[in-house]
Amino acid sequence: MTAPDHLDPYTERLRLRGRLEQPPDLVAGLLEDVARRCAEGGASLIGHVKAHARTAQGSFHCNLASIRSGAHSAGPLTVHPAPADSMDLDLAVLVYGLPRETVAALVEDAVEGLREHGVTEWVCAAHAPTDDHQPQE
Amino acid sequence: MTSSNTAEPPPTPMRLLVFAGFLGSGKTSLILPLATLLAAGGIRTCFIVNEVGDVGIDQQVMRDGGLEVYEITAGCICCQLTVDLVTTLGEIETRIHPDVVIIEASGVATPTGIHSALDHYQGTPLAAIHTVTVVDPTRIEALLAVMTPLIEGQIIGADEILITKMDEATDDEVALALDAVARLHPQAPVHTVSVHDRAGLAPALSALAEAVRP
(Lines give C-alpha, C1' and ligand atoms only; values in the text may rest on other atoms or scores of the structure.)
Protein backbone atom coordinates (compact mmCIF):
# COMPACT_ATOMS: atom_id res chain seq x y z
CA MET A 1 0.00 0.00 0.00
CA THR A 2 1.15 3.53 -0.61
CA ALA A 3 0.74 6.59 1.57
CA PRO A 4 -2.59 8.33 1.04
CA ASP A 5 -2.81 11.80 -0.35
CA HIS A 6 -3.04 14.66 2.05
CA LEU A 7 -5.88 15.46 4.41
CA ASP A 8 -8.08 18.40 3.39
CA PRO A 9 -10.46 18.84 6.34
CA TYR A 10 -14.05 19.67 5.48
CA THR A 11 -16.36 21.15 8.12
CA GLU A 12 -19.79 22.72 7.81
CA ARG A 13 -22.61 24.01 9.98
CA LEU A 14 -26.02 22.89 8.75
CA ARG A 15 -29.59 23.53 9.76
CA LEU A 16 -32.16 20.88 8.96
CA ARG A 17 -35.92 21.33 9.16
CA GLY A 18 -38.78 18.90 8.78
CA ARG A 19 -40.26 16.02 10.71
CA LEU A 20 -37.13 14.55 12.30
CA GLU A 21 -38.44 11.45 14.06
CA GLN A 22 -35.20 10.05 15.47
CA PRO A 23 -32.44 12.65 15.18
CA PRO A 24 -29.61 10.37 16.44
CA ASP A 25 -30.51 7.70 13.89
CA LEU A 26 -30.88 10.31 11.18
CA VAL A 27 -27.38 11.69 11.80
CA ALA A 28 -25.83 8.23 12.10
CA GLY A 29 -27.32 7.37 8.73
CA LEU A 30 -26.02 10.61 7.26
CA LEU A 31 -22.48 9.97 8.47
CA GLU A 32 -22.52 6.44 7.09
CA ASP A 33 -23.79 7.72 3.75
CA VAL A 34 -21.13 10.44 3.63
CA ALA A 35 -18.38 7.94 4.42
CA ARG A 36 -19.63 5.52 1.79
CA ARG A 37 -19.84 8.26 -0.83
CA CYS A 38 -16.30 9.41 0.03
CA ALA A 39 -14.94 5.89 -0.26
CA GLU A 40 -16.71 5.35 -3.59
CA GLY A 41 -15.59 8.81 -4.70
CA GLY A 42 -11.93 7.96 -4.34
CA ALA A 43 -10.96 8.68 -0.73
CA SER A 44 -7.85 6.67 0.07
CA LEU A 45 -8.54 6.56 3.81
CA ILE A 46 -11.49 7.43 6.02
CA GLY A 47 -10.01 9.31 8.96
CA HIS A 48 -12.98 10.45 10.99
CA VAL A 49 -16.49 11.59 10.12
CA LYS A 50 -18.20 13.21 13.09
CA ALA A 51 -21.00 15.54 14.06
CA HIS A 52 -22.48 17.44 16.98
CA ALA A 53 -26.21 18.08 16.82
CA ARG A 54 -28.59 20.29 18.75
CA THR A 55 -32.37 20.29 18.78
CA ALA A 56 -34.83 22.01 21.09
CA GLN A 57 -34.93 18.77 23.07
CA GLY A 58 -31.17 18.42 23.63
CA SER A 59 -27.86 17.60 22.02
CA PHE A 60 -25.90 14.56 20.97
CA HIS A 61 -22.84 13.64 18.97
CA CYS A 62 -22.15 10.99 16.41
CA ASN A 63 -18.96 9.65 14.90
CA LEU A 64 -17.65 7.14 12.42
CA ALA A 65 -14.05 5.96 12.12
CA SER A 66 -14.60 3.23 9.57
CA ILE A 67 -17.36 2.02 7.32
CA ARG A 68 -17.04 -1.44 8.84
CA SER A 69 -17.73 -0.18 12.37
CA GLY A 70 -20.42 2.25 11.29
CA ALA A 71 -21.60 5.39 13.06
CA HIS A 72 -22.35 5.61 16.76
CA SER A 73 -24.40 8.30 18.48
CA ALA A 74 -24.06 9.28 22.13
CA GLY A 75 -25.02 12.12 24.39
CA PRO A 76 -28.06 13.40 26.27
CA LEU A 77 -30.57 13.15 23.44
CA THR A 78 -29.69 9.53 22.71
CA VAL A 79 -30.86 8.53 26.20
CA HIS A 80 -34.36 9.87 25.62
CA PRO A 81 -34.67 10.46 21.87
CA ALA A 82 -37.40 12.86 20.89
CA PRO A 83 -38.68 14.03 17.51
CA ALA A 84 -37.70 17.50 16.43
CA ASP A 85 -38.75 19.93 13.75
CA SER A 86 -35.35 21.54 13.46
CA MET A 87 -31.75 20.57 14.12
CA ASP A 88 -28.43 22.41 13.98
CA LEU A 89 -25.66 20.10 12.89
CA ASP A 90 -21.93 20.71 12.93
CA LEU A 91 -20.23 18.26 10.64
CA ALA A 92 -16.56 17.35 10.15
CA VAL A 93 -15.41 15.05 7.36
CA LEU A 94 -11.74 14.13 7.67
CA VAL A 95 -10.82 11.87 4.79
CA TYR A 96 -7.62 11.47 2.84
CA GLY A 97 -7.31 11.79 -0.90
CA LEU A 98 -10.24 14.08 -1.70
CA PRO A 99 -10.20 17.87 -1.98
CA ARG A 100 -12.71 19.58 0.26
CA GLU A 101 -14.71 20.84 -2.74
CA THR A 102 -15.33 17.23 -3.71
CA VAL A 103 -16.25 16.32 -0.15
CA ALA A 104 -18.62 19.30 -0.01
CA ALA A 105 -20.43 18.04 -3.10
CA LEU A 106 -20.67 14.53 -1.68
CA VAL A 107 -22.02 15.87 1.61
CA GLU A 108 -24.59 17.93 -0.29
CA ASP A 109 -25.78 14.84 -2.10
CA ALA A 110 -25.98 12.92 1.16
CA VAL A 111 -27.94 15.67 2.91
CA GLU A 112 -30.31 15.87 -0.04
CA GLY A 113 -30.94 12.18 0.52
CA LEU A 114 -32.33 13.00 3.96
CA ARG A 115 -35.48 14.28 2.27
CA GLU A 116 -36.49 10.62 2.21
CA HIS A 117 -36.27 10.66 6.00
CA GLY A 118 -38.40 13.67 6.84
CA VAL A 119 -36.06 16.56 6.09
CA THR A 120 -37.95 19.16 4.09
CA GLU A 121 -35.38 21.95 4.05
CA TRP A 122 -31.72 22.36 4.80
CA VAL A 123 -29.27 25.23 4.62
CA CYS A 124 -25.73 25.96 5.63
CA ALA A 125 -26.05 27.64 9.02
CA ALA A 126 -23.98 30.59 7.89
CA HIS A 127 -26.94 31.50 5.69
CA ALA A 128 -29.66 30.57 8.16
CA PRO A 129 -31.66 32.98 10.33
CA THR A 130 -30.75 33.06 14.02
CA ASP A 131 -32.70 30.44 15.95
CA ASP A 132 -30.45 29.22 18.73
CA HIS A 133 -31.40 25.88 20.17
CA GLN A 134 -31.38 25.78 23.93
CA PRO A 135 -31.74 22.30 25.37
CA GLN A 136 -34.78 22.01 27.60
CA GLU A 137 -34.14 21.57 31.34
CA MET B 1 10.28 43.89 56.15
CA THR B 2 9.67 40.48 54.82
CA SER B 3 6.36 38.72 54.57
CA SER B 4 7.74 35.23 54.31
CA ASN B 5 5.56 34.02 57.17
CA THR B 6 2.30 35.27 55.70
CA ALA B 7 2.84 35.10 51.95
CA GLU B 8 0.72 32.74 49.93
CA PRO B 9 2.69 29.67 48.93
CA PRO B 10 3.41 29.59 45.21
CA PRO B 11 0.84 27.55 43.31
CA THR B 12 1.77 24.03 42.47
CA PRO B 13 3.08 23.86 38.90
CA MET B 14 0.58 22.49 36.42
CA ARG B 15 0.79 18.95 35.13
CA LEU B 16 0.01 18.05 31.55
CA LEU B 17 -1.63 14.94 30.23
CA VAL B 18 -1.41 14.74 26.45
CA PHE B 19 -3.77 12.46 24.53
CA ALA B 20 -2.39 11.49 21.13
CA GLY B 21 -3.75 8.99 18.64
CA PHE B 22 -5.01 8.87 15.08
CA LEU B 23 -8.29 10.39 13.92
CA GLY B 24 -11.23 8.50 15.38
CA SER B 25 -9.17 6.37 17.73
CA GLY B 26 -11.38 7.27 20.71
CA LYS B 27 -9.53 10.04 22.53
CA THR B 28 -12.59 12.13 23.42
CA SER B 29 -14.50 9.07 24.59
CA LEU B 30 -11.70 8.30 27.04
CA ILE B 31 -11.23 11.85 28.26
CA LEU B 32 -14.87 12.18 29.36
CA PRO B 33 -14.79 9.44 32.02
CA LEU B 34 -11.25 10.44 33.02
CA ALA B 35 -12.51 13.96 33.69
CA THR B 36 -15.17 12.54 35.97
CA LEU B 37 -12.56 10.51 37.83
CA LEU B 38 -10.25 13.48 38.29
CA ALA B 39 -13.08 15.70 39.47
CA ALA B 40 -14.14 13.08 42.00
CA GLY B 41 -10.58 13.10 43.32
CA GLY B 42 -10.64 16.86 43.79
CA ILE B 43 -8.17 17.47 40.97
CA ARG B 44 -8.96 20.71 39.14
CA THR B 45 -8.62 20.06 35.43
CA CYS B 46 -8.81 22.17 32.32
CA PHE B 47 -8.91 20.96 28.74
CA ILE B 48 -7.36 22.01 25.45
CA VAL B 49 -8.86 20.40 22.37
CA ASN B 50 -7.15 20.64 19.02
CA GLU B 51 -8.93 19.79 15.79
CA VAL B 52 -7.70 20.17 12.26
CA GLY B 53 -11.04 21.37 10.89
CA ASP B 54 -12.47 24.89 11.12
CA VAL B 55 -15.50 23.78 13.14
CA GLY B 56 -14.66 21.93 16.35
CA ILE B 57 -16.81 18.94 17.25
CA ASP B 58 -14.96 17.43 20.20
CA GLN B 59 -14.98 20.62 22.24
CA GLN B 60 -18.78 20.72 21.98
CA VAL B 61 -18.98 17.10 23.11
CA MET B 62 -16.79 17.91 26.10
CA ARG B 63 -18.81 21.01 26.95
CA ASP B 64 -21.93 18.83 26.88
CA GLY B 65 -20.11 16.86 29.58
CA GLY B 66 -19.71 20.00 31.68
CA LEU B 67 -15.99 20.45 31.05
CA GLU B 68 -14.10 23.73 30.76
CA VAL B 69 -12.58 23.59 27.31
CA TYR B 70 -10.23 25.76 25.29
CA GLU B 71 -10.24 24.97 21.59
CA ILE B 72 -7.58 25.31 18.95
CA THR B 73 -8.96 24.63 15.50
CA ALA B 74 -8.02 24.74 11.83
CA GLY B 75 -4.60 23.17 12.15
CA CYS B 76 -2.36 20.96 14.24
CA ILE B 77 -0.67 22.04 17.48
CA CYS B 78 2.41 19.94 16.83
CA CYS B 79 3.39 21.78 13.64
CA GLN B 80 1.12 24.60 12.38
CA LEU B 81 -0.31 26.00 15.62
CA THR B 82 2.51 25.64 18.15
CA VAL B 83 2.21 29.29 19.15
CA ASP B 84 -1.51 28.86 19.81
CA LEU B 85 -0.73 25.93 22.10
CA VAL B 86 1.74 27.77 24.32
CA THR B 87 -0.39 30.92 24.31
CA THR B 88 -3.47 28.98 25.36
CA LEU B 89 -1.54 27.17 28.06
CA GLY B 90 -0.28 30.51 29.39
CA GLU B 91 -3.82 31.87 29.45
CA ILE B 92 -4.99 28.83 31.39
CA GLU B 93 -2.18 29.21 33.91
CA THR B 94 -2.93 32.90 34.42
CA ARG B 95 -6.71 32.70 34.56
CA ILE B 96 -7.38 29.30 36.13
CA HIS B 97 -4.19 27.60 37.24
CA PRO B 98 -5.66 24.11 37.40
CA ASP B 99 -3.80 21.15 38.82
CA VAL B 100 -3.91 19.37 35.49
CA VAL B 101 -4.32 20.38 31.86
CA ILE B 102 -5.46 17.65 29.51
CA ILE B 103 -4.54 18.26 25.88
CA GLU B 104 -6.45 16.33 23.26
CA ALA B 105 -4.16 16.53 20.26
CA SER B 106 -5.42 16.38 16.72
CA GLY B 107 -5.35 12.95 15.20
CA VAL B 108 -2.42 13.87 13.01
CA ALA B 109 -0.16 15.15 15.81
CA THR B 110 2.90 13.40 17.13
CA PRO B 111 3.98 13.50 20.77
CA THR B 112 7.44 14.62 19.68
CA GLY B 113 5.99 17.62 17.89
CA ILE B 114 3.85 18.56 20.89
CA HIS B 115 6.79 18.22 23.27
CA SER B 116 8.87 20.44 20.98
CA ALA B 117 6.11 23.03 21.00
CA LEU B 118 5.94 22.90 24.79
CA ASP B 119 9.67 23.65 24.96
CA HIS B 120 8.66 27.20 24.06
CA TYR B 121 6.26 27.56 26.98
CA GLN B 122 7.20 30.70 28.93
CA GLY B 123 5.07 30.16 32.03
CA THR B 124 5.91 28.43 35.29
CA PRO B 125 7.83 25.28 34.43
CA LEU B 126 5.43 22.37 34.14
CA ALA B 127 5.59 19.75 36.89
CA ALA B 128 5.08 16.86 34.48
CA ILE B 129 4.13 16.01 30.94
CA HIS B 130 2.60 12.58 30.57
CA THR B 131 1.65 11.39 27.10
CA VAL B 132 -0.80 8.63 26.35
CA THR B 133 -1.39 7.38 22.82
CA VAL B 134 -4.72 5.83 21.94
CA VAL B 135 -4.47 3.00 19.42
CA ASP B 136 -7.46 1.75 17.43
CA PRO B 137 -6.88 -1.98 16.82
CA THR B 138 -9.67 -2.21 14.25
CA ARG B 139 -7.63 -0.05 11.86
CA ILE B 140 -4.07 -0.64 13.03
CA GLU B 141 -3.07 -2.88 10.13
CA ALA B 142 -4.19 -0.41 7.47
CA LEU B 143 -2.85 2.61 9.32
CA LEU B 144 0.56 1.07 9.87
CA ALA B 145 0.66 0.30 6.17
CA VAL B 146 -0.34 3.70 4.81
CA MET B 147 0.41 6.16 7.63
CA THR B 148 3.57 4.52 8.86
CA PRO B 149 5.63 7.47 10.18
CA LEU B 150 2.67 9.08 11.93
CA ILE B 151 1.34 5.95 13.61
CA GLU B 152 4.79 4.72 14.60
CA GLY B 153 5.66 8.18 15.91
CA GLN B 154 2.50 8.32 17.99
CA ILE B 155 3.36 4.98 19.60
CA ILE B 156 7.08 5.62 20.08
CA GLY B 157 6.47 9.05 21.64
CA ALA B 158 4.03 7.85 24.28
CA ASP B 159 4.60 7.22 27.97
CA GLU B 160 1.60 4.93 28.03
CA ILE B 161 -0.55 3.18 25.44
CA LEU B 162 -4.29 2.59 25.49
CA ILE B 163 -5.62 0.08 23.00
CA THR B 164 -9.32 0.88 22.59
CA LYS B 165 -12.43 -0.59 21.00
CA MET B 166 -11.83 -4.03 22.50
CA ASP B 167 -15.53 -4.74 22.07
CA GLU B 168 -15.23 -4.23 18.29
CA ALA B 169 -11.79 -5.62 17.49
CA THR B 170 -11.13 -9.20 16.55
CA ASP B 171 -8.55 -11.26 18.44
CA ASP B 172 -6.20 -10.98 15.46
CA GLU B 173 -6.52 -7.19 15.38
CA VAL B 174 -5.80 -6.91 19.09
CA ALA B 175 -2.79 -9.21 18.71
CA LEU B 176 -1.49 -7.08 15.85
CA ALA B 177 -1.86 -3.91 17.90
CA LEU B 178 -0.09 -5.47 20.87
CA ASP B 179 2.69 -6.74 18.61
CA ALA B 180 3.15 -3.30 17.06
CA VAL B 181 3.43 -1.64 20.45
CA ALA B 182 5.82 -4.32 21.71
CA ARG B 183 7.99 -3.88 18.61
CA LEU B 184 8.00 -0.09 18.58
CA HIS B 185 7.93 0.77 22.27
CA PRO B 186 8.45 -2.31 24.44
CA GLN B 187 8.87 -0.27 27.64
CA ALA B 188 5.47 1.39 27.43
CA PRO B 189 2.76 0.28 29.83
CA VAL B 190 -0.20 -0.97 27.78
CA HIS B 191 -3.87 -1.02 28.72
CA THR B 192 -6.65 -2.63 26.71
CA VAL B 193 -10.01 -0.94 27.15
CA SER B 194 -13.51 -0.66 25.84
CA VAL B 195 -15.42 2.52 26.59
CA HIS B 196 -18.60 0.95 25.27
CA ASP B 197 -18.80 -1.86 27.83
CA ARG B 198 -16.24 -0.30 30.21
CA ALA B 199 -14.01 -3.40 30.16
CA GLY B 200 -10.56 -2.51 31.45
CA LEU B 201 -11.54 1.13 31.73
CA ALA B 202 -11.25 1.68 35.48
CA PRO B 203 -7.65 0.50 35.91
CA ALA B 204 -6.51 2.34 32.80
CA LEU B 205 -8.06 5.63 33.87
CA SER B 206 -6.73 5.18 37.41
CA ALA B 207 -3.24 4.76 36.00
CA LEU B 208 -3.58 7.98 34.01
CA ALA B 209 -4.97 9.86 36.99
CA GLU B 210 -2.10 8.62 39.12
CA ALA B 211 0.42 9.78 36.51
CA VAL B 212 -0.73 13.39 36.87
CA ARG B 213 -1.82 13.45 40.49
CA PRO B 214 -0.28 16.52 42.24
# chains A, B, ... in the order shown; residues from 1 in each chain; ligands from 1
$ interface_residues --of "chain A" --to "chain B" --cutoff "7 Å" --atoms "only C-alpha atoms" --output "count of residues only"
16
$ select_by_dssp --residues "range 78-121 of chain A" --states "alpha helix (DSSP H)" --output "list in words"
Thr78, Val79, Arg100, Glu101, Thr102, Val103, Ala104, Ala105, Leu106, Val107, Glu108, Asp109, Ala110, Val111 and Glu112 of chain A
$ residues_around --residues "range 122-133 of chain B" --least-positions-apart "6" --cutoff "9 Å" --atoms "only C-alpha atoms" --output "PyMOL selection string"
chain B and resi 12-22+27+86-87+89-90+93-94+111+115+154-155+157-163+208+211-212+214
$ residues_around --residues "range 24-36 of chain A" --least-positions-apart "5" --cutoff "7 Å" --atoms "only C-alpha atoms" --output "ChimeraX atom specification"
/A:49,62,64,67,70-73,78,106-107,110-111
$ residues_around --residues "Glu121 in chain A" --least-positions-apart "4" --cutoff "8 Å" --atoms "only C-alpha atoms" --output "VMD selection string"
chain A and resid 16 to 18 115
$ residues_around --residues "His6 in chain A" --least-positions-apart "6" --cutoff "9 Å" --atoms "only C-alpha atoms" --output "list in words"
Val95, Tyr96, Gly97, Leu98 and Pro99 of chain A
